[in-house]
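Reproduced below: start_10.pdb, with PDB, C-alpha atoms.
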```pdb
MODEL        1
ATOM      1  CA  MET A1036      43.012  -9.912  12.338
ATOM      2  CA  SER A1037      40.323  -8.641  14.671
ATOM      3  CA  VAL A1038      36.716  -8.997  13.510
ATOM      4  CA  PRO A1039      34.308  -6.110  14.287
ATOM      5  CA  ARG A1040      31.562  -6.866  16.777
ATOM      6  CA  SER A1041      28.776  -5.887  14.390
ATOM      7  CA  ARG A1042      30.006  -8.516  11.955
ATOM      8  CA  LEU A1043      29.961 -11.187  14.667
ATOM      9  CA  LEU A1044      26.443 -10.146  15.638
ATOM     10  CA  ASP A1045      25.322 -10.496  12.020
ATOM     11  CA  LEU A1046      26.795 -13.980  11.952
ATOM     12  CA  MET A1047      24.990 -14.840  15.172
ATOM     13  CA  LYS A1048      21.723 -13.524  13.785
ATOM     14  CA  VAL A1049      21.994 -15.743  10.715
ATOM     15  CA  GLN A1050      22.978 -18.684  12.899
ATOM     16  CA  CYS A1051      19.932 -18.175  15.081
ATOM     17  CA  ARG A1052      17.663 -17.911  12.047
ATOM     18  CA  ILE A1053      19.009 -21.132  10.557
ATOM     19  CA  PHE A1054      18.847 -23.189  13.756
ATOM     20  CA  SER A1055      15.650 -21.469  14.933
ATOM     21  CA  HIS A1056      17.136 -20.146  18.160
ATOM     22  CA  THR A1057      16.099 -16.844  19.698
ATOM     23  CA  PHE A1058      18.481 -14.010  18.884
ATOM     24  CA  ASN A1059      19.354 -12.486  22.246
ATOM     25  CA  PRO A1060      22.865 -10.962  22.187
ATOM     26  CA  LYS A1061      22.434  -8.972  25.404
ATOM     27  CA  GLY A1062      21.456 -12.035  27.411
ATOM     28  CA  LEU A1063      18.119 -10.574  28.514
ATOM     29  CA  ARG A1064      15.819 -12.778  30.557
ATOM     30  CA  LEU A1065      13.024 -13.575  28.134
ATOM     31  CA  GLY A1066      11.666 -16.655  29.837
ATOM     32  CA  ASN A1067      12.307 -18.829  26.825
ATOM     33  CA  HIS A1068      13.514 -21.685  29.003
ATOM     34  CA  VAL A1069       9.905 -22.089  30.151
ATOM     35  CA  LEU A1070       8.743 -22.533  26.568
ATOM     36  CA  ARG A1071      11.539 -25.013  25.926
ATOM     37  CA  GLN A1072      10.465 -27.289  28.791
ATOM     38  CA  ARG A1073       8.579 -30.401  27.844
ATOM     39  CA  LEU A1074       5.086 -30.958  29.193
ATOM     40  CA  LYS A1075       5.175 -33.582  31.909
ATOM     41  CA  GLY A1076       1.432 -33.774  32.485
ATOM     42  CA  PRO A1077       0.703 -36.843  30.317
ATOM     43  CA  ALA A1078       3.523 -38.810  31.970
ATOM     44  CA  LEU A1079       2.310 -37.872  35.457
ATOM     45  CA  ALA A1080      -1.320 -38.656  34.642
ATOM     46  CA  ALA A1081      -0.332 -42.154  33.487
ATOM     47  CA  TYR A1082       1.080 -43.126  36.902
ATOM     48  CA  TYR A1083      -1.786 -45.261  38.190
ATOM     49  CA  PRO A1084      -2.911 -48.254  36.088
ATOM     50  CA  ARG A1085      -6.294 -47.638  34.480
ATOM     51  CA  LYS A1086      -9.208 -49.987  34.820
ATOM     52  CA  MET A1087      -9.205 -52.851  32.375
ATOM     53  CA  ALA A1088     -12.180 -54.801  31.066
ATOM     54  CA  THR A1089     -14.215 -56.364  33.865
ATOM     55  CA  LEU A1090     -16.365 -59.471  33.820
ATOM     56  CA  LYS A1091     -19.402 -57.225  33.474
ATOM     57  CA  ASP A1092     -18.027 -55.730  30.258
ATOM     58  CA  LEU A1093     -17.165 -59.203  28.993
ATOM     59  CA  ARG A1094     -20.714 -60.380  29.628
ATOM     60  CA  LYS A1095     -22.103 -57.354  27.834
ATOM     61  CA  ALA A1096     -19.820 -57.930  24.852
ATOM     62  CA  TYR A1097     -20.618 -61.667  24.571
ATOM     63  CA  PRO A1098     -24.155 -62.224  25.894
ATOM     64  CA  GLU A1099     -24.312 -65.630  24.185
ATOM     65  CA  TYR A1100     -21.582 -67.097  26.437
ATOM     66  CA  GLU A1101     -22.074 -67.954  30.079
ATOM     67  CA  MET A1102     -19.311 -66.724  32.364
ATOM     68  CA  ILE A1103     -18.764 -67.692  35.996
ATOM     69  CA  ASP A1104     -17.513 -65.155  38.520
ATOM     70  CA  GLU A1105     -15.995 -67.402  41.186
ATOM     71  CA  ASP A1106     -15.499 -64.700  43.821
ATOM     72  CA  GLU A1107     -19.105 -63.569  43.490
ATOM     73  CA  GLU A1108     -20.341 -67.180  43.719
ATOM     74  CA  ASP A1109     -18.256 -67.709  46.871
ATOM     75  CA  ARG A1110     -19.685 -64.564  48.418
ATOM     76  CA  LEU A1111     -23.289 -65.550  47.682
ATOM     77  CA  GLU A1112     -22.641 -69.087  48.952
ATOM     78  CA  SER A1113     -21.280 -67.879  52.290
ATOM     79  CA  LEU A1114     -24.165 -65.404  52.586
ATOM     80  CA  ARG A1115     -26.621 -68.218  52.034
ATOM     81  CA  ILE A1116     -24.976 -70.283  54.782
ATOM     82  CA  ILE A1117     -25.000 -67.363  57.225
ATOM     83  CA  LYS A1118     -28.655 -66.571  56.487
ATOM     84  CA  ALA A1119     -29.591 -70.220  56.983
ATOM     85  CA  ARG A1120     -28.006 -70.130  60.438
ATOM     86  CA  GLY A1121     -29.901 -66.946  61.217
ATOM     87  CA  LYS A1122     -26.692 -64.913  61.553
ATOM     88  CA  GLY A1123     -27.241 -62.595  58.605
ATOM     89  CA  ALA A1124     -27.394 -58.795  58.678
ATOM     90  CA  PRO A1125     -30.807 -57.322  59.613
ATOM     91  CA  LYS A1126     -33.048 -55.880  56.918
ATOM     92  CA  LYS A1127     -32.535 -52.232  56.066
ATOM     93  CA  LYS A1128     -35.014 -49.940  57.824
ATOM     94  CA  ARG A1129     -37.104 -47.939  55.342
ATOM     95  CA  THR A1130     -38.902 -45.429  57.566
ATOM     96  CA  ALA A1131     -37.830 -43.296  60.540
ATOM     97  CA  GLU A1132     -40.338 -45.064  62.793
ATOM     98  CA  GLU A1133     -38.888 -48.474  62.122
ATOM     99  CA  SER A1134     -35.347 -47.310  62.834
ATOM    100  CA  LYS A1135     -36.508 -45.713  66.105
ATOM    101  CA  LYS A1136     -38.066 -48.968  67.199
ATOM    102  CA  ALA A1137     -34.839 -50.790  66.437
ATOM    103  CA  LYS A1138     -32.881 -48.336  68.564
ATOM    104  CA  ARG A1139     -35.145 -48.653  71.599
ATOM    105  CA  ARG A1140     -34.693 -52.376  71.750
TER     106      ARG A1140
ATOM    107  CA  MET B 443     -12.032 -31.541  45.103
ATOM    108  CA  SER B 444     -15.008 -33.544  44.069
ATOM    109  CA  MET B 445     -15.868 -31.317  41.116
ATOM    110  CA  PHE B 446     -12.725 -32.503  39.326
ATOM    111  CA  ARG B 447     -13.284 -36.165  40.132
ATOM    112  CA  ALA B 448     -14.299 -38.521  37.338
ATOM    113  CA  LYS B 449     -17.930 -39.568  37.507
ATOM    114  CA  LYS B 450     -16.942 -43.177  37.005
ATOM    115  CA  LEU B 451     -13.933 -44.740  38.700
ATOM    116  CA  ASP B 452     -11.217 -45.358  36.097
ATOM    117  CA  LEU B 453      -8.525 -46.872  38.330
ATOM    118  CA  GLY B 454      -7.388 -50.474  38.123
ATOM    119  CA  CYS B 455      -5.086 -50.511  41.152
ATOM    120  CA  PHE B 456      -5.688 -50.419  44.899
ATOM    121  CA  VAL B 457      -8.273 -47.714  45.529
ATOM    122  CA  ASN B 458      -8.885 -45.520  48.523
ATOM    123  CA  ILE B 459      -9.859 -41.863  48.724
ATOM    124  CA  ARG B 460      -6.237 -40.707  48.859
ATOM    125  CA  VAL B 461      -5.361 -42.593  45.681
ATOM    126  CA  ILE B 462      -8.448 -41.216  43.921
ATOM    127  CA  ARG B 463      -7.545 -37.714  45.058
ATOM    128  CA  ASP B 464      -3.981 -37.994  43.834
ATOM    129  CA  HIS B 465      -5.154 -39.438  40.514
ATOM    130  CA  THR B 466      -7.597 -36.546  40.100
ATOM    131  CA  LYS B 467      -4.855 -34.037  40.848
ATOM    132  CA  ARG B 468      -2.656 -35.609  38.191
ATOM    133  CA  LYS B 469      -5.357 -35.363  35.560
ATOM    134  CA  VAL B 470      -6.232 -31.772  36.485
ATOM    135  CA  PHE B 471      -2.568 -30.779  36.365
ATOM    136  CA  ALA B 472      -2.128 -32.371  32.926
ATOM    137  CA  GLU B 473      -5.146 -30.457  31.687
ATOM    138  CA  HIS B 474      -3.967 -27.069  32.980
ATOM    139  CA  GLU B 475      -0.237 -27.450  32.367
ATOM    140  CA  PRO B 476      -0.118 -25.384  29.108
ATOM    141  CA  GLU B 477      -1.933 -22.520  30.812
ATOM    142  CA  ARG B 478       0.442 -22.617  33.771
ATOM    143  CA  GLN B 479       3.487 -22.677  31.502
ATOM    144  CA  ALA B 480       2.158 -19.712  29.518
ATOM    145  CA  LEU B 481       1.712 -17.713  32.724
ATOM    146  CA  ARG B 482       5.175 -18.769  33.902
ATOM    147  CA  TYR B 483       6.625 -17.562  30.616
ATOM    148  CA  ILE B 484       4.968 -14.151  30.990
ATOM    149  CA  ILE B 485       6.229 -13.850  34.566
ATOM    150  CA  ARG B 486       9.808 -14.702  33.647
ATOM    151  CA  ASN B 487       9.928 -12.496  30.543
ATOM    152  CA  LEU B 488      11.523  -9.239  31.726
ATOM    153  CA  SER B 489      10.860  -7.494  28.406
ATOM    154  CA  LEU B 490       7.120  -7.381  29.132
ATOM    155  CA  PRO B 491       5.638  -4.479  31.138
ATOM    156  CA  ALA B 492       5.679  -4.920  34.902
ATOM    157  CA  SER B 493       1.903  -4.606  35.211
ATOM    158  CA  THR B 494       1.346  -7.516  32.796
ATOM    159  CA  ARG B 495       3.769  -9.661  34.731
ATOM    160  CA  ALA B 496       2.185  -8.781  38.054
ATOM    161  CA  LYS B 497      -1.207  -9.676  36.639
ATOM    162  CA  ALA B 498       0.134 -13.012  35.423
ATOM    163  CA  GLN B 499       1.646 -13.672  38.842
ATOM    164  CA  LEU B 500      -1.686 -13.025  40.485
ATOM    165  CA  GLN B 501      -3.481 -15.237  37.993
ATOM    166  CA  LEU B 502      -1.015 -18.081  38.549
ATOM    167  CA  THR B 503      -1.313 -17.930  42.322
ATOM    168  CA  GLN B 504      -5.110 -17.801  42.099
ATOM    169  CA  MET B 505      -5.385 -20.972  40.055
ATOM    170  CA  HIS B 506      -6.914 -23.930  41.894
ATOM    171  CA  CYS B 507      -4.469 -25.840  44.059
ATOM    172  CA  TYR B 508      -5.269 -29.065  42.151
ATOM    173  CA  THR B 509      -3.574 -27.562  39.064
ATOM    174  CA  ARG B 510      -0.230 -27.379  40.890
ATOM    175  CA  PRO B 511       2.375 -30.056  40.220
ATOM    176  CA  SER B 512       3.608 -29.875  43.808
ATOM    177  CA  GLN B 513       0.286 -31.341  44.980
ATOM    178  CA  ILE B 514       1.093 -34.627  43.281
ATOM    179  CA  ARG B 515       2.680 -37.391  45.323
ATOM    180  CA  ASN B 516       3.587 -40.883  44.222
ATOM    181  CA  ARG B 517       1.515 -43.471  46.052
ATOM    182  CA  CYS B 518       1.736 -47.236  46.268
ATOM    183  CA  ILE B 519      -0.433 -48.976  43.653
ATOM    184  CA  GLU B 520      -0.753 -52.015  45.926
ATOM    185  CA  GLY B 521      -1.719 -50.363  49.183
ATOM    186  CA  GLY B 522      -2.113 -46.629  48.611
ATOM    187  CA  LYS B 523       0.639 -45.708  51.057
ATOM    188  CA  SER B 524       2.644 -42.566  50.363
ATOM    189  CA  ARG B 525       5.840 -43.274  52.272
ATOM    190  CA  GLY B 526       8.639 -45.591  51.281
ATOM    191  CA  VAL B 527       7.413 -45.907  47.693
ATOM    192  CA  LEU B 528       9.984 -47.207  45.219
ATOM    193  CA  ARG B 529       9.663 -45.056  42.123
ATOM    194  CA  ASP B 530      10.697 -47.807  39.698
ATOM    195  CA  PHE B 531       8.017 -50.219  40.886
ATOM    196  CA  LYS B 532       5.383 -47.747  42.211
ATOM    197  CA  MET B 533       5.159 -49.858  45.347
ATOM    198  CA  THR B 534       6.100 -49.458  48.980
ATOM    199  CA  ARG B 535       9.185 -51.307  50.113
ATOM    200  CA  TYR B 536       7.177 -53.966  51.951
ATOM    201  CA  ASN B 537       4.734 -54.638  49.113
ATOM    202  CA  PHE B 538       7.650 -54.731  46.720
ATOM    203  CA  ARG B 539       9.484 -57.278  48.867
ATOM    204  CA  MET B 540       6.433 -59.531  49.191
ATOM    205  CA  ARG B 541       5.665 -59.465  45.483
ATOM    206  CA  ALA B 542       9.300 -59.815  44.459
ATOM    207  CA  LEU B 543       9.789 -62.845  46.707
ATOM    208  CA  ALA B 544       6.625 -64.358  45.229
ATOM    209  CA  GLY B 545       8.126 -63.836  41.773
ATOM    210  CA  LEU B 546       5.415 -61.421  40.618
ATOM    211  CA  VAL B 547       7.722 -58.525  39.700
ATOM    212  CA  PRO B 548       9.332 -59.154  36.295
ATOM    213  CA  GLY B 549      13.107 -58.953  36.161
ATOM    214  CA  VAL B 550      13.628 -58.871  39.914
ATOM    215  CA  LYS B 551      15.574 -61.560  41.713
ATOM    216  CA  LYS B 552      16.874 -61.807  45.255
ATOM    217  CA  ALA B 553      20.615 -61.239  45.257
ATOM    218  CA  SER B 554      22.797 -64.042  46.526
ATOM    219  CA  TRP B 555      26.548 -64.502  46.178
TER     220      TRP B 555
ENDMDL
END
```
How would this structure read if it were set down as structure tokens?
Amino acid sequence: MSVPRSRLLDLMKVQCRIFSHTFNPKGLRLGNHVLRQRLKGPALAAYYPRKMATLKDLRKAYPEYEMIDEDEEDRLESLRIIKARGKGAPKKKRTAEESKKAKRR
Amino acid sequence: MSMFRAKKLDLGCFVNIRVIRDHTKRKVFAEHEPERQALRYIIRNLSLPASTRAKAQLQLTQMHCYTRPSQIRNRCIEGGKSRGVLRDFKMTRYNFRMRALAGLVPGVKKASW
């Protein structure tokens, strides 16, 4: 009841054709496992959350509505208070001469 | 490297240079992954001539380091730290604890029995 090897190989060939496997009876290293791997790039690239719509975008999309940015208002308010007390940051020096003078002092 | 970096920042999480760098590496790797896999296939295919495989090996090693998956490291989206990051929440253990106790992490509850 023994089946010849050539017959078994034929069967395997047909099987591989039907299920779209690679026919490789000698078990050679053809590197097909690399081709079978799924690409993991898209999953890795999606790790960090992307930027969503900001208030700036919202303002641009709906110029007819007035929107209030509370954090920005707070910042400007505190700046105004500091400037009024004379504790604000000095003006940016424009030329090399001006910056030199500031250093000497 | 800065030549790969996006011209406009597209991150919505905590941002520092290390987070930007890692994000850039991820995008560069995703872009070059098919090329890398093709080279890997040539290298591992023993039926190809040895010179072809050697050439592919050289080409793979000479690709920019940003295209390598091993350059990528998970960082905390709350503080940018790289150590003690819980993979499921993408946060360091401390940030996770603070946010979980504040009830900001969905489906997480302090165990008590």
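Rounded to one decimal, CA of Arg447 in chain B and CA of Tyr1082 in chain A lie 16.3 Å from each other.
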When you look at range 531-540 of chain B with a cut-off of 12 Å (counting all atoms listed in the file), what residues show up, excluding the ones that are within fewer than 2 positions of it in the same chain? I need them as number ranges by chain. A: 1081-1084; B: 455-456, 515-529, 542-552
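Against the coordinates shown, the PyMOL selection byres ((chain A) within 10 of (chain B)) returns Leu1063, Arg1064, Leu1065, Gly1066, Asn1067, His1068, Val1069, Leu1070, Gln1072, Arg1073, Leu1074, Lys1075, Gly1076, Pro1077, Ala1078, Leu1079, Ala1080, Ala1081, Tyr1082, Tyr1083, Pro1084, Arg1085, Lys1086, Met1087, Ala1088 and Thr1089 of chain A.
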How big is the axis-aligned box, and where does its centre sit, when it encloses all atoms of range 1063-1072 of chain A listed in the file and has 6 Å added on every side, reported in Å to one decimal as AutoDock Vina command-line options?
```
--center_x 13.4 --center_y -18.9 --center_z 28.2 --size_x 21.4 --size_y 28.7 --size_z 16.6
```
Take CA of Gly1062 in chain A and CA of Ala492 in chain B and report the distance between them in Å, one decimal. 18.9 Å
Residues within 10 Å of Asp1104 in chain A, all atoms listed in the file, excluding chain neighbours under 4 positions, as a PDB file with C-alpha atoms, in the coordinates of the input:
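To be explicit, this is the file written out as out.pdb:
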```pdb
ATOM      1  CA  LEU A1090     -16.365 -59.471  33.820  1.00  0.00           C
ATOM      2  CA  LYS A1091     -19.402 -57.225  33.474  1.00  0.00           C
ATOM      3  CA  GLU A1108     -20.341 -67.180  43.719  1.00  0.00           C
ATOM      4  CA  ASP A1109     -18.256 -67.709  46.871  1.00  0.00           C
TER       5      ASP A1109
END
```
Could you jot down the CA of Phe446 in chain B to CA of Asp1092 in chain A separation for me, Å, one decimal place?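 CA of Phe446 in chain B sits 25.5 Å away from CA of Asp1092 in chain A.
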Neighbour list for Met1047 in chain A as a PyMOL selection string, cut-off 10 Å, all atoms listed in the file, skip fewer than 6 positions in-chain: chain A and resi 1041+1053+1056+1058-1060
